[in-house]
Amino acid sequence: MSCFFLQELASRQNRDTNGEIKAVFVYNFSKYIEWPVDAYTDTFRIAVLVGNKTVFNALQKMAVKHNKNKNYTNHVVISELTNLESVKENKIVYFDKSCNTELAVINDSIKGSSTLLVSDNYPYGKPLINMIVTKNRVRFELSEERVKRANLKVSKLLKNLAILTETEWNSVLEKVENLADSDDETITIDTKDLNEIIGVQKELLDEIENNKKRLQEQIDKLDEQESHLTKHRKSIIEKKNMIEDQKILLQEQIEKMDHQEKGILEMSNEMDDQQDQLEIDEKRLAEIRSEYSEVEDVLKSTEELVQRREVEIQNQKGDISEKAGEIERQRTLIALAVGSILVISALGFWALHSYRQKKKANVLVLAQKAEIEEAHKEITDSIASAQRIQKAILPPDRMVNEYLPNSFVMYQPKDVVAGDFYWIHKKDNKILFAAADCTGHEAPGAMMSVLCNNALNRSVREYSLTDPGQTLDKTREIVIEEFEKADDDVKGGMDICLCSLEGNKLKFAGAYNPL
């Protein structure tokens with residue numbers, strides 16, 4: 001926008017009408033008013049409410065001259081409004097009483113916008129800027145309260161030129177009324193006032209230029225910070241995706257372990273049943289062997305008896321007839337003994353056959369035992385893999401020694417994987433370190449430790465928290481947010497001691513763990 005045309009105004013004072021003079025002031029108000037950053041556009045719009053054609057035509061001529069000058073990057077558009085529907089689209093709106101619109105209606109139309117209202121000869125304190133022409137100069141009042149509500153800033157030069165009190169405005173208004181009674185339309189401007197105003201104007205222009213340079217430096221710095229923040233967010237998203245992949249892999253391993261444990265339990269129960277049956281069969285075989293031994297003893301006694309009888313028969317050949325009945329009884333006894341031997345032999349054969357079947361069953365049990373041992377090995381390997389994953393989230397010893405010299409870590413979890421973990425991080429000049437115990441043991445506790453460790457890292461890295469209390473509050477919010485994503489009701493928690501060390505100053509915060 002061009003500078004204040006006070007010199008031009010002085011040279012034209014004898015030939016310009018009041019409307020053209022007011023147009024110069026309306027046109028140049030834009031140089032000394034600062035609009036909000038979010039209201040900036042390449043096109044600067046000035047509107048005149050239907051009524052004063054002289055001001056409208058004069059503003060159009062100035063805009064044409066401005067737009068032809070290649071030194072200006074913005075474009076000025078002058079428009080004439082027939083209604084108030086699009087009044088907020090303009091930076092400056094001029095009106096006087098000839099527009100036949102009530103001032104209260106016009107003020108209501110710009111509520112919530114940063115539009116500067118410039119009026120002519122209205123009561124004091126009603127518009128934002130109110131102009132009046134006296135005998136010696138063009139004067140205007142400035143309502144600082146209304147300008148502030150419109151989120152606009154006014155330069156010192158404009159404040160110096162403006163009438164800021166109602167008493168002074170009433171005095172000027174009285175002079176205008178006296179001037180109207182005398183029919184004197186001559187307007188002059190004091191050259192001394194012009195020189196003083198131009199000097200103040202030059203200082204303000206230099207100040208505005210310096211402010212523009214500082215604003216551009218701040219914009220460049222913000223762009224650089226935005227680029228760095230974008231890279232940091234991208235890195236966080238990649239790490240979060242990697243953690244999600246690890247969670248999925250760990251869940252699959254846990255499900256596989258549960259399935260293997262179920263199979264092992266079923267096989268163990270089956271082996272226990274087979275072992276009980278084997279013990280019953282061995283006990284029965286022992287009873288059969290005992291019975292077979294008794295039969296052998298009886299058979300042996302019977303054979304000895306037969307031998308003795310034969311000897312007696314040989315010795316008593318002479319008395320065969322008398323002993324025939326005795327021999328017949330002995331033969332019957334022998335037949336019974338032989339029958340008993342045959343029965344006992346059949347029982348022995350059956351016992352031997354059962355023994356061989358049990359031996360085959362034992363071979364099958366051994367094979368199943370080998371399968372169980374193999375499944376146990378796979379479970380052990382899975383748990384070892386989970387242990388390596390959990391160790392990966394723990395800070396290395398070199399980091400602990402670097403941040404906390406003359407310190408040591410004693411980490412002895414109850415199981416291979418557990419919910420216990422320790423954590424350390426350095427942010428600015430603060431060193432944060434913690435010891436935590438998550439609910440659950442083995443795999444469930446390990447998963448909770450991964451989730452809680454990640455929540456601690458996010459609280460410090462993503463939300464830039466270093467106060468132990470605030471860090472624990474944010475960590476709790478993140479963990480609860482993760483649990484709320486699940487369809488099932490998930491229960492879990494963490495006992496923790498968290499400290500921050502800055503120089504010799506130590507801060508502590510804990511959850512179910514005292515200092």
# chains A, B, ... in the order shown; residues from 1 in each chain; ligands from 1

call {"tool": "select_by_dssp", "arguments": {"residues": "stretch 327-425 of chain A", "states": "strand (DSSP E)", "output": "list in words"}}
result
Ala418, Gly419, Asp420, Phe421, Tyr422, Trp423, Ile424 and His425 of chain A

call {"tool": "residues_around", "arguments": {"residues": "A:Gly503", "least_positions_apart": "4", "cutoff": "12 Å", "atoms": "only C-alpha atoms", "output": "PDB file with N, CA and C atoms, in the first residue's frame"}}
result
ATOM      1  N   TYR A 403      24.851 -42.632  31.809  1.00  0.00           N
ATOM      2  CA  TYR A 403      23.963 -41.657  32.424  1.00  0.00           C
ATOM      3  C   TYR A 403      24.122 -41.624  33.944  1.00  0.00           C
ATOM      4  N   LEU A 404      24.390 -42.798  34.577  1.00  0.00           N
ATOM      5  CA  LEU A 404      24.504 -42.886  36.036  1.00  0.00           C
ATOM      6  C   LEU A 404      25.813 -43.586  36.394  1.00  0.00           C
ATOM      7  N   ASP A 428      17.000 -33.481  27.563  1.00  0.00           N
ATOM      8  CA  ASP A 428      17.643 -32.199  27.875  1.00  0.00           C
ATOM      9  C   ASP A 428      18.746 -32.456  28.925  1.00  0.00           C
ATOM     10  N   ASN A 429      18.660 -31.819  30.099  1.00  0.00           N
ATOM     11  CA  ASN A 429      19.678 -32.021  31.130  1.00  0.00           C
ATOM     12  C   ASN A 429      19.178 -32.953  32.242  1.00  0.00           C
ATOM     13  N   LYS A 430      18.049 -33.596  32.020  1.00  0.00           N
ATOM     14  CA  LYS A 430      17.470 -34.477  33.042  1.00  0.00           C
ATOM     15  C   LYS A 430      17.680 -35.936  32.677  1.00  0.00           C
ATOM     16  N   ILE A 431      17.957 -36.749  33.691  1.00  0.00           N
ATOM     17  CA  ILE A 431      18.074 -38.204  33.523  1.00  0.00           C
ATOM     18  C   ILE A 431      16.903 -38.832  34.277  1.00  0.00           C
ATOM     19  N   LYS A 507      13.928 -35.820  41.833  1.00  0.00           N
ATOM     20  CA  LYS A 507      12.471 -35.854  41.992  1.00  0.00           C
ATOM     21  C   LYS A 507      11.989 -37.282  41.894  1.00  0.00           C
TER      22      LYS A 507
END

call {"tool": "residues_around", "arguments": {"residues": "A:Asp120", "least_positions_apart": "5", "cutoff": "8 Å", "atoms": "only C-alpha atoms", "output": "number ranges by chain"}}
result
A: 95-97, 130-132

call {"tool": "closest_residue", "arguments": {"among": "A:Ala443, A:Met271, A:Ile163, A:Ile46", "to": "A:Ala384", "atoms": "only C-alpha atoms"}}
result
A:Ala443

call {"tool": "closest_residue", "arguments": {"among": "A:Asp108, A:Glu326, A:Glu85, A:Glu34", "to": "A:Leu49", "atoms": "only C-alpha atoms"}}
result
A:Glu85

call {"tool": "closest_residue", "arguments": {"among": "A:Trp35, A:Ser235, A:Glu102, A:Val298", "to": "A:Ala150", "atoms": "only C-alpha atoms"}}
result
A:Trp35

call {"tool": "closest_residue", "arguments": {"among": "A:Ser155, A:Ser459, A:Asn454, A:Thr380", "to": "A:Ile254", "atoms": "only C-alpha atoms"}}
result
A:Thr380

call {"tool": "closest_residue", "arguments": {"among": "A:Ala418, A:Ile264, A:Val338, A:Val147", "to": "A:Ile372", "atoms": "only C-alpha atoms"}}
result
A:Ile264

call {"tool": "closest_residue", "arguments": {"among": "A:Ala162, A:Glu89, A:Tyr122, A:Asn28", "to": "A:Glu141", "atoms": "only C-alpha atoms"}}
result
A:Ala162

call {"tool": "residues_around", "arguments": {"residues": "A:Asp258", "least_positions_apart": "4", "cutoff": "12 Å", "atoms": "only C-alpha atoms", "output": "PDB file with C-alpha atoms, in the first residue's frame"}}
result
ATOM      1  CA  GLN A 251       0.761 -63.274  20.535  1.00  0.00           C
ATOM      2  CA  GLU A 252       1.103 -65.964  17.868  1.00  0.00           C
ATOM      3  CA  GLN A 253       3.932 -67.594  19.837  1.00  0.00           C
ATOM      4  CA  ILE A 254       1.868 -67.466  23.040  1.00  0.00           C
ATOM      5  CA  LYS A 262      -2.662 -78.473  26.033  1.00  0.00           C
ATOM      6  CA  GLY A 263      -1.295 -81.302  23.841  1.00  0.00           C
ATOM      7  CA  ILE A 264       1.400 -82.085  26.403  1.00  0.00           C
ATOM      8  CA  LEU A 265      -1.179 -82.208  29.176  1.00  0.00           C
ATOM      9  CA  ALA A 375       7.234 -80.173  21.984  1.00  0.00           C
ATOM     10  CA  HIS A 376       8.733 -79.061  25.287  1.00  0.00           C
ATOM     11  CA  GLU A 378       9.852 -75.908  21.014  1.00  0.00           C
ATOM     12  CA  ILE A 379       8.089 -74.224  23.937  1.00  0.00           C
ATOM     13  CA  SER A 382       9.739 -69.852  22.088  1.00  0.00           C
ATOM     14  CA  ILE A 383      10.148 -68.654  25.668  1.00  0.00           C
ATOM     15  CA  ALA A 443       4.373 -64.355  28.970  1.00  0.00           C
TER      16      ALA A 443
END

call {"tool": "residues_around", "arguments": {"residues": "A:Ile344", "least_positions_apart": "6", "cutoff": "12 Å", "atoms": "only C-alpha atoms", "output": "list in words"}}
result
Ile288, Arg289, Ser290, Glu291, Tyr292, Ser293, Glu294, Val295, Glu296, Asp297, Val298, Leu299, Ala337, Val338, Trp350 and Ala351 of chain A

call {"tool": "residues_around", "arguments": {"residues": "A:Val55", "least_positions_apart": "5", "cutoff": "7 Å", "atoms": "only C-alpha atoms", "output": "ChimeraX atom specification"}}
result
/A:19-20,22-23

call {"tool": "residues_around", "arguments": {"residues": "A:Lys126", "least_positions_apart": "5", "cutoff": "10 Å", "atoms": "only C-alpha atoms", "output": "ChimeraX atom specification"}}
result
/A:103-104,107,119,141-143,146
